[in-house]
Amino acid sequence: MADLGTVRYSVLDLAPVKADGNIAESFRNTVDLAQHAESWGFNRFWLAEHHNMPGIASAATSVLIGHVAGRTSTIRVGSGGVMLPNHSSLVIAEQFGTLEILYPGRIDLGIGRAPGSDQLTARALRRGLHETEDEFPRQVAELLAYLAPAQPGQKLRAVPGAGTNVPVWLLGSSTFSAQLAAMIGLPFAFASHFAPDLLFQAIQLYRSQFRASPYLEKPYVMVGLPLIAAETDAEARRLATSPAQRFLKLIRSEPIFTPPPVDTMEGLWSDAERAIVQSKLKLAVVGGPETVRRKLGSLVSESGADEIIMTSDVFDQSARLRSFEIAATVIKEAASAVPALA
């Protein structure tokens, strides 16, 4: 069974825009967080593709990945993820092949099959491409082929891209991508930071059906978690009202700019809305250092995850940095204790 100090930890960022902020500030905060994450020893820093969503600024995901990679030096940077049905597999291979050549050994390509937007936006993105989520397995196969070394006589190549073998991950919030990742032999990341219901079922299917491949010898699971860490449990619960309000806005189809925290959510939502938001965030790790240690350790043990990727939708940038710093400290303390327990 996995132990808190024996797995890897990473950061997921959506380039959130504050209610009183702007996109330029969001990009500065993203770089700031990535640089701190690198110094604290996190394994990778991922950005996610969303479109037509005021409050999330990571639409041009590959561009932002390059921006972050150019301002860090060791941490892996990648997509969590690129929504492949929105794009040509060839174009994504060229983009990430370019990134891999610019920042060798540091680029990840996580891909998903959801639109990362509403249906109107999805149609605008895919105009003329005729791609749907149903064609996702074919697109994945094409992408892997474009990133592999070009074969003799191959007429269509990704230039750059061919031969870069950028590591490809499958992302999902259901069992579909878990089974596809197992069949192809790719690492799998589950989006339990916003859709936790099928997490354990997806992990079980992925591990039981996994086939070794040229990409991966044995299953590798990453689990997404919301993180809100502070000096005390009470302060963390207060900061956690920002992501709660954000989810509330999402289910109401309102712009999801990150709002400042409030002392209580009472009066802000209905009972039905509260139930939905709490179900989406039921795996959230919220608390002071001891609570973070306990909750994180419990999830790692229960899931058997190889890696945890955390997102922290805290309104104030200094509090967001502190949230990850507390987690990093807890992780380092757990890791340092592992040899003594052996």
# chains A, B, ... in the order shown; residues from 1 in each chain; ligands from 1
>>> residues_around(residues="range 296-301 of chain A", least_positions_apart="6", cutoff="10 Å", atoms="only C-alpha atoms", output="ChimeraX atom specification")
/A:1-7,223,225,227,283-286,290,307-308,327,330-331,334
>>> write_last_selection(atoms="N, CA, C and O atoms", output="compact mmCIF listing (two decimals), in the first residue's frame")
# COMPACT_ATOMS: atom_id res chain seq x y z
N MET A 1 0.84 -1.20 0.00
CA MET A 1 0.00 0.00 0.00
C MET A 1 0.88 1.25 0.00
O MET A 1 1.87 1.31 0.72
N ALA A 2 0.51 2.23 -0.82
CA ALA A 2 1.30 3.46 -0.93
C ALA A 2 1.30 4.22 0.39
O ALA A 2 0.34 4.18 1.15
N ASP A 3 2.38 4.91 0.64
CA ASP A 3 2.54 5.70 1.85
C ASP A 3 2.74 7.16 1.47
O ASP A 3 3.30 7.46 0.42
N LEU A 4 2.31 8.06 2.34
CA LEU A 4 2.40 9.49 2.08
C LEU A 4 3.78 9.93 1.61
O LEU A 4 3.91 10.77 0.71
N GLY A 5 4.82 9.34 2.19
CA GLY A 5 6.17 9.78 1.86
C GLY A 5 6.81 9.06 0.70
O GLY A 5 7.98 9.33 0.38
N THR A 6 6.09 8.15 0.04
CA THR A 6 6.70 7.36 -1.02
C THR A 6 6.15 7.66 -2.42
O THR A 6 6.59 7.03 -3.39
N VAL A 7 5.20 8.56 -2.53
CA VAL A 7 4.63 8.88 -3.85
C VAL A 7 5.12 10.27 -4.28
O VAL A 7 5.69 11.02 -3.49
N VAL A 223 -3.69 10.93 -9.20
CA VAL A 223 -5.00 11.31 -8.65
C VAL A 223 -5.03 12.82 -8.41
O VAL A 223 -4.13 13.37 -7.77
N LEU A 225 -6.45 16.21 -6.69
CA LEU A 225 -7.07 16.60 -5.42
C LEU A 225 -7.15 18.11 -5.28
O LEU A 225 -6.18 18.81 -5.60
N LEU A 227 -6.72 21.18 -2.90
CA LEU A 227 -5.94 21.42 -1.68
C LEU A 227 -6.19 22.83 -1.17
O LEU A 227 -6.08 23.80 -1.93
N LEU A 283 -13.39 15.08 -1.96
CA LEU A 283 -12.04 14.59 -1.68
C LEU A 283 -11.07 15.72 -1.33
O LEU A 283 -9.87 15.48 -1.17
N ALA A 284 -11.59 16.93 -1.21
CA ALA A 284 -10.72 18.07 -0.94
C ALA A 284 -9.96 17.89 0.38
O ALA A 284 -10.52 17.46 1.38
N VAL A 285 -8.68 18.23 0.33
CA VAL A 285 -7.84 18.21 1.52
C VAL A 285 -7.80 19.65 2.06
O VAL A 285 -7.13 20.52 1.49
N VAL A 286 -8.53 19.89 3.12
CA VAL A 286 -8.70 21.22 3.68
C VAL A 286 -8.32 21.20 5.15
O VAL A 286 -8.89 20.42 5.92
N GLU A 290 -1.48 19.35 10.32
CA GLU A 290 -1.78 18.00 10.81
C GLU A 290 -2.96 17.39 10.07
O GLU A 290 -2.96 16.19 9.76
N GLU A 307 1.07 8.98 -7.82
CA GLU A 307 1.33 10.42 -7.81
C GLU A 307 0.03 11.15 -7.49
O GLU A 307 -1.05 10.72 -7.87
N ILE A 308 0.16 12.26 -6.78
CA ILE A 308 -0.97 13.13 -6.46
C ILE A 308 -0.72 14.48 -7.13
O ILE A 308 0.38 15.05 -7.00
N ALA A 327 1.76 21.99 2.21
CA ALA A 327 1.70 20.63 1.69
C ALA A 327 3.10 20.09 1.42
O ALA A 327 3.42 18.93 1.74
N VAL A 330 4.76 19.11 4.69
CA VAL A 330 4.19 17.84 5.18
C VAL A 330 4.76 16.66 4.41
O VAL A 330 5.13 15.63 4.98
N ILE A 331 4.85 16.80 3.10
CA ILE A 331 5.35 15.72 2.24
C ILE A 331 6.81 15.43 2.54
O ILE A 331 7.24 14.27 2.64
N ALA A 334 7.19 13.56 5.76
CA ALA A 334 6.79 12.16 5.60
C ALA A 334 7.87 11.38 4.86
O ALA A 334 8.18 10.22 5.22
>>> select_by_dssp(residues="range 77-174 of chain A", states="alpha helix (DSSP H)", output="number ranges by chain")
A: 89-102, 119-125, 136-147
>>> write_last_selection(atoms="C-alpha atoms", output="PDB file, in the first residue's frame")
ATOM      1  CA  SER A  89      -3.528  15.270 -33.725  1.00  0.00           C
ATOM      2  CA  LEU A  90      -0.844  16.494 -36.118  1.00  0.00           C
ATOM      3  CA  VAL A  91      -0.987  20.051 -34.775  1.00  0.00           C
ATOM      4  CA  ILE A  92      -0.730  18.870 -31.161  1.00  0.00           C
ATOM      5  CA  ALA A  93       2.232  16.655 -32.083  1.00  0.00           C
ATOM      6  CA  GLU A  94       3.925  19.658 -33.715  1.00  0.00           C
ATOM      7  CA  GLN A  95       3.236  21.935 -30.748  1.00  0.00           C
ATOM      8  CA  PHE A  96       4.467  19.514 -28.110  1.00  0.00           C
ATOM      9  CA  GLY A  97       7.316  18.311 -30.287  1.00  0.00           C
ATOM     10  CA  THR A  98       8.421  21.935 -30.462  1.00  0.00           C
ATOM     11  CA  LEU A  99       8.140  22.281 -26.687  1.00  0.00           C
ATOM     12  CA  GLU A 100      10.140  19.082 -26.143  1.00  0.00           C
ATOM     13  CA  ILE A 101      12.958  20.324 -28.370  1.00  0.00           C
ATOM     14  CA  LEU A 102      13.005  23.685 -26.598  1.00  0.00           C
ATOM     15  CA  GLN A 119     -21.307  22.773 -26.736  1.00  0.00           C
ATOM     16  CA  LEU A 120     -21.543  26.070 -28.640  1.00  0.00           C
ATOM     17  CA  THR A 121     -17.835  26.689 -28.070  1.00  0.00           C
ATOM     18  CA  ALA A 122     -17.007  23.084 -28.918  1.00  0.00           C
ATOM     19  CA  ARG A 123     -18.673  23.492 -32.301  1.00  0.00           C
ATOM     20  CA  ALA A 124     -16.715  26.691 -32.919  1.00  0.00           C
ATOM     21  CA  LEU A 125     -13.444  24.975 -32.019  1.00  0.00           C
ATOM     22  CA  PHE A 136     -10.911   9.776 -29.450  1.00  0.00           C
ATOM     23  CA  PRO A 137      -9.135   6.355 -29.555  1.00  0.00           C
ATOM     24  CA  ARG A 138      -8.246   6.871 -33.217  1.00  0.00           C
ATOM     25  CA  GLN A 139      -6.938  10.356 -32.472  1.00  0.00           C
ATOM     26  CA  VAL A 140      -4.787   9.020 -29.631  1.00  0.00           C
ATOM     27  CA  ALA A 141      -3.282   6.395 -31.936  1.00  0.00           C
ATOM     28  CA  GLU A 142      -2.532   9.064 -34.541  1.00  0.00           C
ATOM     29  CA  LEU A 143      -0.896  11.300 -31.947  1.00  0.00           C
ATOM     30  CA  LEU A 144       1.339   8.534 -30.644  1.00  0.00           C
ATOM     31  CA  ALA A 145       2.377   7.676 -34.192  1.00  0.00           C
ATOM     32  CA  TYR A 146       3.241  11.300 -34.985  1.00  0.00           C
ATOM     33  CA  LEU A 147       5.447  11.536 -31.866  1.00  0.00           C
TER      34      LEU A 147
END
>>> closest_residue(among="A:Asn22, A:Thr291, A:Ser270, A:Thr258", to="Ile228 in chain A", atoms="only C-alpha atoms")
A:Thr291
>>> select_by_dssp(residues="range 28-253 of chain A", states="strand (DSSP E)", output="PyMOL selection string")
chain A and resi 44-47+76-83+107-112+168-172+188-190+221-229
>>> closest_residue(among="A:Glu333, A:Glu231, A:Asp271, A:Glu325", to="Phe42 in chain A", atoms="only C-alpha atoms")
A:Glu325
>>> residues_around(residues="Tyr206 in chain A", least_positions_apart="2", cutoff="7 Å", atoms="only C-alpha atoms", output="ChimeraX atom specification")
/A:178-179,182,202-204,208-210
>>> residues_around(residues="range 165-173 of chain A", least_positions_apart="6", cutoff="8 Å", atoms="only C-alpha atoms", output="JSON, numbers by chain")
{"A": [80, 81, 96, 97, 100, 107, 108, 109, 110, 111, 112, 113, 144, 147, 148, 149, 181, 186, 187, 188, 189, 190, 191, 192, 195, 196, 198, 199, 215]}
>>> atom_distance(atom1="CA of Lys295 in chain A", atom2="CA of Thr311 in chain A")
15.2 Å
>>> closest_residue(among="A:Met222, A:Val338, A:Ala60, A:Met265", to="His193 in chain A", atoms="only C-alpha atoms")
A:Met222
>>> closest_residue(among="A:Pro160, A:Pro259, A:Gly66, A:Pro226", to="Leu47 in chain A", atoms="only C-alpha atoms")
A:Gly66
>>> residues_around(residues="Ile23 in chain A", least_positions_apart="3", cutoff="12 Å", atoms="only C-alpha atoms", output="PyMOL selection string")
chain A and resi 14-20+26-30+54-59+257
>>> decode(residues="range 264-311 of chain A", atoms="C-alpha atoms", output="PDB file, in the first residue's frame")
ATOM      1  CA  THR A 264     -19.912  31.364   5.849  1.00  0.00           C
ATOM      2  CA  MET A 265     -21.637  29.948   2.786  1.00  0.00           C
ATOM      3  CA  GLU A 266     -25.011  30.043   4.523  1.00  0.00           C
ATOM      4  CA  GLY A 267     -27.466  32.109   2.517  1.00  0.00           C
ATOM      5  CA  LEU A 268     -25.325  31.901  -0.629  1.00  0.00           C
ATOM      6  CA  TRP A 269     -26.618  28.556  -1.868  1.00  0.00           C
ATOM      7  CA  SER A 270     -29.676  26.370  -1.740  1.00  0.00           C
ATOM      8  CA  ASP A 271     -29.650  22.948  -0.107  1.00  0.00           C
ATOM      9  CA  ALA A 272     -29.583  21.316  -3.552  1.00  0.00           C
ATOM     10  CA  GLU A 273     -26.684  23.517  -4.701  1.00  0.00           C
ATOM     11  CA  ARG A 274     -24.756  22.816  -1.517  1.00  0.00           C
ATOM     12  CA  ALA A 275     -25.138  19.063  -2.060  1.00  0.00           C
ATOM     13  CA  ILE A 276     -23.808  19.339  -5.622  1.00  0.00           C
ATOM     14  CA  VAL A 277     -20.814  21.485  -4.677  1.00  0.00           C
ATOM     15  CA  GLN A 278     -19.924  19.309  -1.696  1.00  0.00           C
ATOM     16  CA  SER A 279     -20.111  16.178  -3.854  1.00  0.00           C
ATOM     17  CA  LYS A 280     -17.708  17.729  -6.366  1.00  0.00           C
ATOM     18  CA  LEU A 281     -15.255  18.656  -3.604  1.00  0.00           C
ATOM     19  CA  LYS A 282     -15.691  15.643  -1.336  1.00  0.00           C
ATOM     20  CA  LEU A 283     -12.038  14.590  -1.682  1.00  0.00           C
ATOM     21  CA  ALA A 284     -10.722  18.074  -0.935  1.00  0.00           C
ATOM     22  CA  VAL A 285      -7.839  18.215   1.525  1.00  0.00           C
ATOM     23  CA  VAL A 286      -8.704  21.224   3.680  1.00  0.00           C
ATOM     24  CA  GLY A 287      -7.011  22.074   6.958  1.00  0.00           C
ATOM     25  CA  GLY A 288      -3.916  22.947   8.904  1.00  0.00           C
ATOM     26  CA  PRO A 289      -0.681  20.948   8.630  1.00  0.00           C
ATOM     27  CA  GLU A 290      -1.780  18.000  10.806  1.00  0.00           C
ATOM     28  CA  THR A 291      -5.134  17.711   9.057  1.00  0.00           C
ATOM     29  CA  VAL A 292      -3.439  17.885   5.651  1.00  0.00           C
ATOM     30  CA  ARG A 293      -1.033  15.135   6.713  1.00  0.00           C
ATOM     31  CA  ARG A 294      -3.878  12.903   7.884  1.00  0.00           C
ATOM     32  CA  LYS A 295      -6.227  13.469   4.935  1.00  0.00           C
ATOM     33  CA  LEU A 296      -3.516  13.255   2.303  1.00  0.00           C
ATOM     34  CA  GLY A 297      -2.083  10.107   3.846  1.00  0.00           C
ATOM     35  CA  SER A 298      -5.520   8.501   3.988  1.00  0.00           C
ATOM     36  CA  LEU A 299      -6.232   9.206   0.322  1.00  0.00           C
ATOM     37  CA  VAL A 300      -2.803   7.980  -0.780  1.00  0.00           C
ATOM     38  CA  SER A 301      -3.237   4.772   1.199  1.00  0.00           C
ATOM     39  CA  GLU A 302      -6.798   4.141   0.016  1.00  0.00           C
ATOM     40  CA  SER A 303      -6.137   4.853  -3.664  1.00  0.00           C
ATOM     41  CA  GLY A 304      -2.652   3.372  -3.957  1.00  0.00           C
ATOM     42  CA  ALA A 305      -1.816   6.341  -6.199  1.00  0.00           C
ATOM     43  CA  ASP A 306       1.656   6.647  -7.668  1.00  0.00           C
ATOM     44  CA  GLU A 307       1.333  10.425  -7.814  1.00  0.00           C
ATOM     45  CA  ILE A 308      -0.966  13.132  -6.465  1.00  0.00           C
ATOM     46  CA  ILE A 309      -1.603  16.313  -8.435  1.00  0.00           C
ATOM     47  CA  MET A 310      -3.116  19.163  -6.429  1.00  0.00           C
ATOM     48  CA  THR A 311      -4.935  22.338  -7.337  1.00  0.00           C
TER      49      THR A 311
END
